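So this block is model_17.csv, CSV, C-alpha atoms:
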chain,number,residue,atom,x,y,z
A,6,MET,CA,135.7,196.5,167.1
A,7,HIS,CA,137.5,194.6,169.8
A,8,SER,CA,136.2,195.5,173.2
A,9,ASP,CA,137.1,192.7,175.6
A,10,PRO,CA,138.7,193.8,178.9
A,11,SER,CA,142.4,194.3,178.7
A,12,ARG,CA,145.2,193.1,180.9
A,13,MET,CA,146.9,195.8,183.1
A,14,CYS,CA,150.7,195.7,183.4
A,15,GLU,CA,153.0,198.0,185.3
A,16,LEU,CA,155.6,199.9,183.4
A,17,THR,CA,159.1,200.6,184.7
A,18,THR,CA,160.1,204.1,185.7
A,19,GLU,CA,162.3,204.4,182.7
A,20,ASP,CA,159.6,203.2,180.3
A,21,SER,CA,157.1,205.5,182.0
A,22,LEU,CA,159.3,208.6,181.6
A,23,ARG,CA,160.1,207.7,178.0
A,24,ARG,CA,156.3,207.5,177.2
A,25,LEU,CA,155.6,210.8,178.9
A,26,ALA,CA,158.4,212.4,176.9
A,27,SER,CA,156.9,211.0,173.7
A,28,VAL,CA,153.7,213.0,173.9
A,29,PRO,CA,153.2,216.8,173.9
A,30,ILE,CA,150.3,217.1,176.3
A,31,GLY,CA,149.4,216.0,179.8
A,32,ARG,CA,147.4,217.2,182.8
A,33,ILE,CA,148.7,218.8,186.0
A,34,VAL,CA,146.8,217.9,189.2
A,35,PHE,CA,147.0,220.2,192.2
A,36,THR,CA,145.0,221.7,195.0
A,37,HIS,CA,143.3,225.1,194.5
A,38,GLU,CA,141.2,226.7,197.2
A,39,ALA,CA,141.2,223.4,199.1
A,40,LEU,CA,139.6,221.6,196.1
A,41,PRO,CA,141.2,219.1,193.7
A,42,ALA,CA,142.0,220.8,190.4
A,43,ILE,CA,143.3,219.8,187.0
A,44,ARG,CA,144.5,221.6,183.9
A,45,PRO,CA,145.6,220.2,180.6
A,46,VAL,CA,148.9,221.7,179.4
A,47,ASN,CA,151.5,221.1,176.7
A,48,HIS,CA,154.8,220.0,178.2
A,49,ARG,CA,158.3,218.9,177.3
A,50,VAL,CA,160.5,216.6,179.3
A,51,VAL,CA,163.9,218.4,179.6
A,52,ASP,CA,166.8,216.6,181.4
A,53,GLY,CA,164.3,214.4,183.1
A,54,ASP,CA,162.1,217.3,184.4
A,55,ILE,CA,158.6,218.2,183.2
A,56,VAL,CA,158.4,221.7,181.9
A,57,PHE,CA,155.4,223.8,180.8
A,58,ARG,CA,154.4,227.4,180.6
A,59,CYS,CA,151.5,229.4,182.0
A,60,HIS,CA,150.2,232.9,181.9
A,61,GLU,CA,150.4,235.4,184.7
A,62,GLY,CA,147.4,235.3,186.9
A,63,ALA,CA,146.5,231.7,186.1
A,64,ALA,CA,145.1,229.5,188.9
A,65,LEU,CA,147.7,227.1,187.8
A,66,LEU,CA,150.4,229.4,189.4
A,67,THR,CA,149.3,228.2,192.8
A,68,VAL,CA,151.1,224.9,192.0
A,69,VAL,CA,154.4,226.7,192.7
A,70,GLU,CA,156.1,225.0,195.7
A,71,GLN,CA,153.3,222.4,195.9
A,72,VAL,CA,153.6,218.7,195.4
A,73,VAL,CA,151.6,218.0,192.3
A,74,ALA,CA,150.7,215.0,190.1
A,75,TYR,CA,151.2,215.1,186.3
A,76,GLU,CA,149.5,212.6,184.1
A,77,ALA,CA,149.7,211.7,180.4
A,78,ASP,CA,148.0,208.8,178.7
A,79,GLN,CA,147.2,207.4,175.3
A,80,ILE,CA,144.3,205.0,175.5
A,81,ASP,CA,142.4,203.7,172.5
A,82,ALA,CA,138.7,203.7,173.0
A,83,GLY,CA,138.2,201.1,170.4
A,84,THR,CA,140.7,198.4,171.5
A,85,HIS,CA,140.9,199.4,175.2
A,86,THR,CA,144.7,199.3,174.9
A,87,GLY,CA,147.2,202.0,175.7
A,88,TRP,CA,149.1,203.4,178.6
A,89,SER,CA,149.0,206.0,181.4
A,90,VAL,CA,151.8,207.6,183.3
A,91,ILE,CA,151.6,209.5,186.6
A,92,VAL,CA,154.4,211.5,188.0
A,93,THR,CA,154.4,213.1,191.5
A,94,GLY,CA,156.8,215.8,192.5
A,95,LYS,CA,157.3,219.3,193.6
A,96,ALA,CA,156.5,222.1,191.1
A,97,SER,CA,158.7,225.2,191.1
A,98,LEU,CA,158.8,228.5,189.2
A,99,VAL,CA,161.8,228.7,186.9
A,100,GLU,CA,163.5,232.0,187.8
A,101,ASP,CA,167.0,231.7,186.2
A,102,PRO,CA,166.9,233.8,183.0
A,103,ASP,CA,169.1,231.3,181.1
A,104,ASP,CA,166.9,228.4,182.1
A,105,ILE,CA,163.8,230.4,181.2
A,106,SER,CA,165.1,231.2,177.7
A,107,ARG,CA,166.3,227.6,177.2
A,108,TYR,CA,162.9,226.2,178.2
A,109,GLU,CA,160.9,228.8,176.2
A,110,GLN,CA,162.6,227.6,173.0
A,111,VAL,CA,161.4,224.0,173.4
A,112,VAL,CA,158.0,224.6,175.0
A,113,ARG,CA,155.9,226.6,172.6
A,114,PRO,CA,152.5,227.9,173.7
A,115,TRP,CA,149.4,226.3,172.2
A,116,VAL,CA,147.1,229.1,173.3
A,117,ASP,CA,147.4,232.8,172.2
A,118,LEU,CA,148.0,234.1,175.8
A,119,PRO,CA,151.2,235.7,177.0
A,120,MET,CA,152.8,232.7,178.7
A,121,ALA,CA,155.2,234.7,180.9
A,122,ARG,CA,155.8,231.9,183.5
A,123,VAL,CA,157.7,228.7,183.2
A,124,ILE,CA,157.0,225.9,185.7
A,125,ARG,CA,159.2,222.8,186.2
A,126,ILE,CA,158.2,219.6,188.0
A,127,LEU,CA,160.9,217.4,189.5
A,128,PRO,CA,159.7,213.8,189.3
A,129,GLU,CA,159.9,212.0,192.6
A,130,PHE,CA,157.5,209.1,192.2
A,131,VAL,CA,156.8,207.7,188.8
A,132,THR,CA,154.2,205.1,188.1
A,133,GLY,CA,152.8,203.8,184.8
A,134,PHE,CA,150.7,201.1,183.5
A,135,GLU,CA,149.9,199.6,180.1
A,136,LEU,CA,146.6,198.1,178.9
A,137,ILE,CA,147.4,195.1,176.7
A,138,ASP,CA,145.1,192.9,174.7
A,139,ARG,CA,144.4,189.9,177.0
A,140,ASP,CA,145.0,187.5,174.2
A,141,ARG,CA,148.4,188.9,173.2
B,52,MET,CA,151.0,221.0,160.1
B,53,HIS,CA,149.3,224.0,161.5
B,54,SER,CA,150.8,224.9,164.9
B,55,ASP,CA,150.0,228.5,165.6
B,56,PRO,CA,148.6,229.2,169.0
B,57,SER,CA,144.9,228.8,169.2
B,58,ARG,CA,142.2,231.0,170.8
B,59,MET,CA,140.7,229.7,174.1
B,60,CYS,CA,136.9,230.1,174.5
B,61,GLU,CA,134.7,229.1,177.4
B,62,LEU,CA,132.0,226.5,176.9
B,63,THR,CA,128.6,226.7,178.5
B,64,THR,CA,127.7,224.1,181.2
B,65,GLU,CA,125.3,222.4,178.8
B,66,ASP,CA,127.9,222.1,176.0
B,67,SER,CA,130.5,220.9,178.5
B,68,LEU,CA,128.3,218.1,179.8
B,69,ARG,CA,127.4,217.1,176.3
B,70,ARG,CA,131.0,216.8,175.3
B,71,LEU,CA,131.9,214.9,178.5
B,72,ALA,CA,129.1,212.4,177.6
B,73,SER,CA,130.4,212.0,174.1
B,74,VAL,CA,133.7,210.4,175.2
B,75,PRO,CA,134.2,207.1,177.0
B,76,ILE,CA,137.2,208.0,179.1
B,77,GLY,CA,138.2,210.7,181.6
B,78,ARG,CA,140.4,211.2,184.7
B,79,ILE,CA,139.3,211.4,188.3
B,80,VAL,CA,141.3,213.7,190.5
B,81,PHE,CA,141.3,213.3,194.2
B,82,THR,CA,143.5,213.4,197.3
B,83,HIS,CA,145.2,210.2,198.4
B,84,GLU,CA,147.4,210.1,201.5
B,85,ALA,CA,147.5,213.9,201.5
B,86,LEU,CA,148.9,214.0,197.9
B,87,PRO,CA,147.1,214.9,194.7
B,88,ALA,CA,146.2,211.8,192.8
B,89,ILE,CA,144.7,211.0,189.3
B,90,ARG,CA,143.4,207.9,187.6
B,91,PRO,CA,142.1,207.5,184.1
B,92,VAL,CA,138.8,205.6,184.1
B,93,ASN,CA,136.1,204.8,181.5
B,94,HIS,CA,132.9,206.6,182.4
B,95,ARG,CA,129.3,207.1,181.3
B,96,VAL,CA,127.1,210.1,181.9
B,97,VAL,CA,123.8,208.8,183.2
B,98,ASP,CA,121.0,211.2,184.1
B,99,GLY,CA,123.5,214.0,184.4
B,100,ASP,CA,125.8,212.1,186.8
B,101,ILE,CA,129.3,210.7,186.0
B,102,VAL,CA,129.4,206.9,186.7
B,103,PHE,CA,132.4,204.6,186.7
B,104,ARG,CA,133.4,201.3,188.2
B,105,CYS,CA,136.4,200.2,190.3
B,106,HIS,CA,137.8,197.2,191.9
B,107,GLU,CA,137.7,196.4,195.6
B,108,GLY,CA,140.8,197.6,197.3
B,109,ALA,CA,141.6,200.3,194.7
B,110,ALA,CA,143.2,203.5,196.0
B,111,LEU,CA,140.4,205.1,194.0
B,112,LEU,CA,137.9,204.0,196.6
B,113,THR,CA,139.2,206.7,198.9
B,114,VAL,CA,137.2,209.1,196.7
B,115,VAL,CA,134.0,208.1,198.3
B,116,GLU,CA,132.4,211.1,200.1
B,117,GLN,CA,135.3,213.3,198.8
B,118,VAL,CA,134.8,216.3,196.6
B,119,VAL,CA,136.7,215.3,193.4
B,120,ALA,CA,137.4,216.7,190.0
B,121,TYR,CA,136.7,214.8,186.8
B,122,GLU,CA,138.3,215.8,183.5
B,123,ALA,CA,137.9,214.8,179.9
B,124,ASP,CA,139.5,216.3,176.9
B,125,GLN,CA,140.1,215.9,173.2
B,126,ILE,CA,143.0,218.0,172.0
B,127,ASP,CA,144.7,217.5,168.7
B,128,ALA,CA,148.4,217.8,169.0
B,129,GLY,CA,148.8,218.7,165.3
B,130,THR,CA,146.3,221.6,165.1
B,131,HIS,CA,146.3,222.6,168.7
B,132,THR,CA,142.5,222.6,168.7
B,133,GLY,CA,140.0,220.7,170.8
B,134,TRP,CA,138.3,221.0,174.2
B,135,SER,CA,138.6,220.1,177.9
B,136,VAL,CA,135.9,219.8,180.4
B,137,ILE,CA,136.3,219.8,184.2
B,138,VAL,CA,133.6,218.8,186.6
B,139,THR,CA,133.8,219.2,190.4
B,140,GLY,CA,131.5,217.4,192.7
B,141,LYS,CA,131.0,214.9,195.5
B,142,ALA,CA,131.7,211.2,194.7
B,143,SER,CA,129.7,208.5,196.4
B,144,LEU,CA,129.5,204.8,196.4
B,145,VAL,CA,126.4,203.5,194.7
B,146,GLU,CA,124.7,201.1,197.2
B,147,ASP,CA,121.2,200.6,195.9
B,148,PRO,CA,121.1,197.2,194.1
B,149,ASP,CA,118.8,198.4,191.4
B,150,ASP,CA,121.1,201.4,190.6
B,151,ILE,CA,124.1,199.1,190.7
B,152,SER,CA,122.7,196.8,188.2
B,153,ARG,CA,121.4,199.6,186.0
B,154,TYR,CA,124.8,201.2,185.9
B,155,GLU,CA,126.7,198.0,185.4
B,156,GLN,CA,124.8,197.4,182.2
B,157,VAL,CA,126.0,200.7,180.7
B,158,VAL,CA,129.5,201.0,182.2
B,159,ARG,CA,131.5,198.0,181.0
B,160,PRO,CA,135.0,197.4,182.4
B,161,TRP,CA,138.0,198.0,180.1
B,162,VAL,CA,140.3,196.1,182.4
B,163,ASP,CA,140.0,192.4,183.4
B,164,LEU,CA,139.7,193.0,187.1
B,165,PRO,CA,136.5,192.3,189.1
B,166,MET,CA,135.0,195.7,189.1
B,167,ALA,CA,132.8,195.2,192.2
B,168,ARG,CA,132.2,198.9,193.0
B,169,VAL,CA,130.2,201.6,191.3
B,170,ILE,CA,131.1,205.2,192.0
B,171,ARG,CA,128.9,208.2,191.0
B,172,ILE,CA,129.9,211.9,190.9
B,173,LEU,CA,127.2,214.5,191.2
B,174,PRO,CA,128.4,217.5,189.1
B,175,GLU,CA,128.3,220.7,191.1
B,176,PHE,CA,130.7,223.0,189.2
B,177,VAL,CA,131.2,222.5,185.5
B,178,THR,CA,133.7,224.4,183.4
B,179,GLY,CA,134.9,223.8,179.9
B,180,PHE,CA,137.0,225.5,177.2
B,181,GLU,CA,137.5,225.1,173.6
B,182,LEU,CA,140.7,225.7,171.6
B,183,ILE,CA,139.8,227.2,168.3
B,184,ASP,CA,141.9,228.0,165.3
B,185,ARG,CA,142.7,231.7,165.7
B,186,ASP,CA,141.9,232.4,162.1
B,187,ARG,CA,138.5,230.8,162.1
Could you render the structure as structure tokens?
Amino acid sequence: MHSDPSRMCELTTEDSLRRLASVPIGRIVFTHEALPAIRPVNHRVVDGDIVFRCHEGAALLTVVEQVVAYEADQIDAGTHTGWSVIVTGKASLVEDPDDISRYEQVVRPWVDLPMARVIRILPEFVTGFELIDRDR
Amino acid sequence: MHSDPSRMCELTTEDSLRRLASVPIGRIVFTHEALPAIRPVNHRVVDGDIVFRCHEGAALLTVVEQVVAYEADQIDAGTHTGWSVIVTGKASLVEDPDDISRYEQVVRPWVDLPMARVIRILPEFVTGFELIDRDR
């Protein structure tokens, strides 16, 4: 097992968003009752926006109109290589019925709860890094 | 590929901490310049505390004396099963030389930066959930 420390390289915005779109799961970071909070959700990137669903009454609904962070990563614990992408932007509740039905078709719930709400994050700042084998 | 929605079950505090200790990587959630921020780090759980290292000058150092969240998960995108654990607690800079050297031996950097600082999070609230196959 290779476990030397890896080299950290910045990713471009384009490459970061491409990687984020390539995975089905990420974590939304927000403030809840004045404390930092995080929830893993399954997302899709649709027309450059991050879209996910949540159930009525979820603490997660407090993200609406907040600036939030959204993170996804794929880091291999054996090789210490991989990547992480962090997007910061405003979250909003999707209210247009056409948008809701369009998003509901591509974002399928992973949990058997009635996922009545659709949230969309508009990326404003995008950062990403890659961990690369130092000898590569 | 099985992709029906899974059942979500709460984990006990003990089970949550055991799972967190079983993985080498997680994400620290904090506030930086009034915005929600997140960084993946490699951690160890030592005597019930979460310990990780960071380099001098990292934005991450602003966590010191903040209440932060720390999240780890293992969720399978194919089966929609797995778990997530979220710990909330105060982060502090480890300053005792004996503690620093003890922690440095068990928390090895994954990135080739001089990781001069050791941060410890004292878990105050621990929550965890498991996603289980609905038919199990």
Taking every C-alpha atom in sequence order, what RMSD separates chain A from chain B after the best least-squares fit? 0.1 Å
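Here CA of Asp55 in chain B stands at a distance of 7.0 Å from CA of Trp115 in chain A.
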Closest of A:His85, A:Arg113, A:Arg23, A:Arg122 to Ser11 in chain A - atom-to-atom distances counting all atoms listed in the file: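 Of all the options, A:His85 lies closest to Ser11 in chain A.
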Using all atoms listed in the file, determine which residues lie at most 9 Å from range 84-88 of chain B, disregarding the query and same-chain residues fewer than 4 positions distant; provide the list as a VMD selection string. (chain A and resid 34 to 36 41 to 42 72 to 75 91 93) or (chain B and resid 79 to 80 111)
Please measure the separation of CA of Pro75 in chain B and CA of Ser89 in chain A, giving the value in Å to one decimal.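 So the answer is 15.5 Å.
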Could you list, as a ChimeraX atom specification, every residue within 9 Å of Ser21 in chain A, counting all atoms listed in the file and ignoring same-chain residues fewer than 4 positions away? /A:16-17,25-26,88-92,131-134
CA of Asp54 in chain A to CA of Gly87 in chain A, distance in Å rounded to a single decimal: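 CA of Gly87 in chain A lies at a distance of 23.1 Å from CA of Asp54 in chain A.
Nearest residue to Ile76 in chain B, choosing from A:Ala82, A:Ile55, A:Ile126, A:Val116 and counting all atoms listed in the file: A:Ala82.
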Using all atoms listed in the file, which of the listed residues (B:Glu155, B:Glu122, B:Asp66, B:Asp150) sits closest to Val92 in chain B?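 For Val92 in chain B, the nearest of the candidates is B:Glu122.
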Of B:Val158, B:Glu116, B:Asp127, B:Ala167, the one nearest to Asn93 in chain B when counting only C-alpha atoms is B:Val158
Let me make sure I understand: among A:Ser27, A:Thr86, A:Ser97, A:Thr67, which one has the smallest atom-to-atom distance to chain B if we use all atoms listed in the file?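 For chain B, the nearest of the given residues is A:Thr86.
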Counting all atoms listed in the file, which residues come within 9 Å of (146.2, 226.8, 163.7), with the point read in the file's coordinates, and could you list them as number ranges by chain? B: 52-57, 129-132, 183-187
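Nearest-residue note for chain B: choosing from A:Asp78, A:Asp101, A:Asp52, A:Asp117, the minimum distance belongs to A:Asp117, counting only C-alpha atoms.
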At a cut-off of 12 Å, using all atoms listed in the file, what residues contact Glu146 in chain B? Leave out same-chain residues fewer than 2 positions from it and give the result as number ranges by chain. B: 115, 143-144, 148-154, 167-171
Based on the selection just made, write C-alpha atoms of those residues as a compact mmCIF listing (two decimals), in the frame of the given file.
# COMPACT_ATOMS: atom_id res chain seq x y z
CA VAL B 115 134.00 208.10 198.30
CA SER B 143 129.70 208.50 196.40
CA LEU B 144 129.50 204.80 196.40
CA PRO B 148 121.10 197.20 194.10
CA ASP B 149 118.80 198.40 191.40
CA ASP B 150 121.10 201.40 190.60
CA ILE B 151 124.10 199.10 190.70
CA SER B 152 122.70 196.80 188.20
CA ARG B 153 121.40 199.60 186.00
CA TYR B 154 124.80 201.20 185.90
CA ALA B 167 132.80 195.20 192.20
CA ARG B 168 132.20 198.90 193.00
CA VAL B 169 130.20 201.60 191.30
CA ILE B 170 131.10 205.20 192.00
CA ARG B 171 128.90 208.20 191.00
How would range 113-138 of chain A read, as a PDB file, in the frame of the given file, once N, CA and C atoms are built in?
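Generated file (rebuild_33.pdb):
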ATOM      1  N   ARG A 113     156.593 225.528 173.297  1.00  0.00           N
ATOM      2  CA  ARG A 113     155.900 226.600 172.600  1.00  0.00           C
ATOM      3  C   ARG A 113     154.424 226.632 173.016  1.00  0.00           C
ATOM      4  N   PRO A 114     153.878 227.825 173.294  1.00  0.00           N
ATOM      5  CA  PRO A 114     152.500 227.900 173.700  1.00  0.00           C
ATOM      6  C   PRO A 114     151.495 227.434 172.657  1.00  0.00           C
ATOM      7  N   TRP A 115     150.470 226.718 173.087  1.00  0.00           N
ATOM      8  CA  TRP A 115     149.400 226.300 172.200  1.00  0.00           C
ATOM      9  C   TRP A 115     148.242 227.259 172.181  1.00  0.00           C
ATOM     10  N   VAL A 116     148.261 228.191 173.122  1.00  0.00           N
ATOM     11  CA  VAL A 116     147.100 229.100 173.300  1.00  0.00           C
ATOM     12  C   VAL A 116     147.710 230.532 173.125  1.00  0.00           C
ATOM     13  N   ASP A 117     146.920 231.428 172.495  1.00  0.00           N
ATOM     14  CA  ASP A 117     147.400 232.800 172.200  1.00  0.00           C
ATOM     15  C   ASP A 117     147.299 233.702 173.448  1.00  0.00           C
ATOM     16  N   LEU A 118     147.905 233.283 174.556  1.00  0.00           N
ATOM     17  CA  LEU A 118     148.000 234.100 175.800  1.00  0.00           C
ATOM     18  C   LEU A 118     149.462 234.364 176.025  1.00  0.00           C
ATOM     19  N   PRO A 119     149.791 235.485 176.638  1.00  0.00           N
ATOM     20  CA  PRO A 119     151.200 235.700 177.000  1.00  0.00           C
ATOM     21  C   PRO A 119     151.642 234.766 178.080  1.00  0.00           C
ATOM     22  N   MET A 120     152.436 233.764 177.721  1.00  0.00           N
ATOM     23  CA  MET A 120     152.800 232.700 178.700  1.00  0.00           C
ATOM     24  C   MET A 120     154.113 233.116 179.366  1.00  0.00           C
ATOM     25  N   ALA A 121     153.983 234.026 180.344  1.00  0.00           N
ATOM     26  CA  ALA A 121     155.200 234.700 180.900  1.00  0.00           C
ATOM     27  C   ALA A 121     155.896 233.774 181.935  1.00  0.00           C
ATOM     28  N   ARG A 122     155.242 232.723 182.399  1.00  0.00           N
ATOM     29  CA  ARG A 122     155.800 231.900 183.500  1.00  0.00           C
ATOM     30  C   ARG A 122     156.203 230.526 182.989  1.00  0.00           C
ATOM     31  N   VAL A 123     157.300 230.023 183.516  1.00  0.00           N
ATOM     32  CA  VAL A 123     157.700 228.700 183.200  1.00  0.00           C
ATOM     33  C   VAL A 123     157.754 227.862 184.502  1.00  0.00           C
ATOM     34  N   ILE A 124     157.097 226.712 184.485  1.00  0.00           N
ATOM     35  CA  ILE A 124     157.000 225.900 185.700  1.00  0.00           C
ATOM     36  C   ILE A 124     157.755 224.549 185.384  1.00  0.00           C
ATOM     37  N   ARG A 125     158.439 224.072 186.395  1.00  0.00           N
ATOM     38  CA  ARG A 125     159.200 222.800 186.200  1.00  0.00           C
ATOM     39  C   ARG A 125     158.773 221.869 187.364  1.00  0.00           C
ATOM     40  N   ILE A 126     158.518 220.616 187.005  1.00  0.00           N
ATOM     41  CA  ILE A 126     158.200 219.600 188.000  1.00  0.00           C
ATOM     42  C   ILE A 126     159.368 218.605 188.070  1.00  0.00           C
ATOM     43  N   LEU A 127     159.844 218.371 189.281  1.00  0.00           N
ATOM     44  CA  LEU A 127     160.900 217.400 189.500  1.00  0.00           C
ATOM     45  C   LEU A 127     160.301 216.076 189.875  1.00  0.00           C
ATOM     46  N   PRO A 128     160.353 215.090 188.989  1.00  0.00           N
ATOM     47  CA  PRO A 128     159.700 213.800 189.300  1.00  0.00           C
ATOM     48  C   PRO A 128     160.292 213.129 190.524  1.00  0.00           C
ATOM     49  N   GLU A 129     159.427 212.791 191.473  1.00  0.00           N
ATOM     50  CA  GLU A 129     159.900 212.000 192.600  1.00  0.00           C
ATOM     51  C   GLU A 129     159.382 210.611 192.605  1.00  0.00           C
ATOM     52  N   PHE A 130     158.074 210.453 192.373  1.00  0.00           N
ATOM     53  CA  PHE A 130     157.500 209.100 192.200  1.00  0.00           C
ATOM     54  C   PHE A 130     156.974 209.032 190.778  1.00  0.00           C
ATOM     55  N   VAL A 131     157.267 207.923 190.130  1.00  0.00           N
ATOM     56  CA  VAL A 131     156.800 207.700 188.800  1.00  0.00           C
ATOM     57  C   VAL A 131     156.111 206.363 188.693  1.00  0.00           C
ATOM     58  N   THR A 132     154.849 206.366 188.264  1.00  0.00           N
ATOM     59  CA  THR A 132     154.200 205.100 188.100  1.00  0.00           C
ATOM     60  C   THR A 132     153.557 205.095 186.674  1.00  0.00           C
ATOM     61  N   GLY A 133     153.423 203.910 186.110  1.00  0.00           N
ATOM     62  CA  GLY A 133     152.800 203.800 184.800  1.00  0.00           C
ATOM     63  C   GLY A 133     152.218 202.446 184.609  1.00  0.00           C
ATOM     64  N   PHE A 134     151.181 202.385 183.812  1.00  0.00           N
ATOM     65  CA  PHE A 134     150.700 201.100 183.500  1.00  0.00           C
ATOM     66  C   PHE A 134     150.318 201.020 181.994  1.00  0.00           C
ATOM     67  N   GLU A 135     150.269 199.799 181.511  1.00  0.00           N
ATOM     68  CA  GLU A 135     149.900 199.600 180.100  1.00  0.00           C
ATOM     69  C   GLU A 135     148.685 198.675 180.080  1.00  0.00           C
ATOM     70  N   LEU A 136     147.771 198.967 179.183  1.00  0.00           N
ATOM     71  CA  LEU A 136     146.600 198.100 178.900  1.00  0.00           C
ATOM     72  C   LEU A 136     146.952 197.274 177.682  1.00  0.00           C
ATOM     73  N   ILE A 137     147.001 195.959 177.845  1.00  0.00           N
ATOM     74  CA  ILE A 137     147.400 195.100 176.700  1.00  0.00           C
ATOM     75  C   ILE A 137     146.262 194.145 176.403  1.00  0.00           C
ATOM     76  N   ASP A 138     146.117 193.866 175.131  1.00  0.00           N
ATOM     77  CA  ASP A 138     145.100 192.900 174.700  1.00  0.00           C
ATOM     78  C   ASP A 138     145.342 191.589 175.451  1.00  0.00           C
TER      79      ASP A 138
END
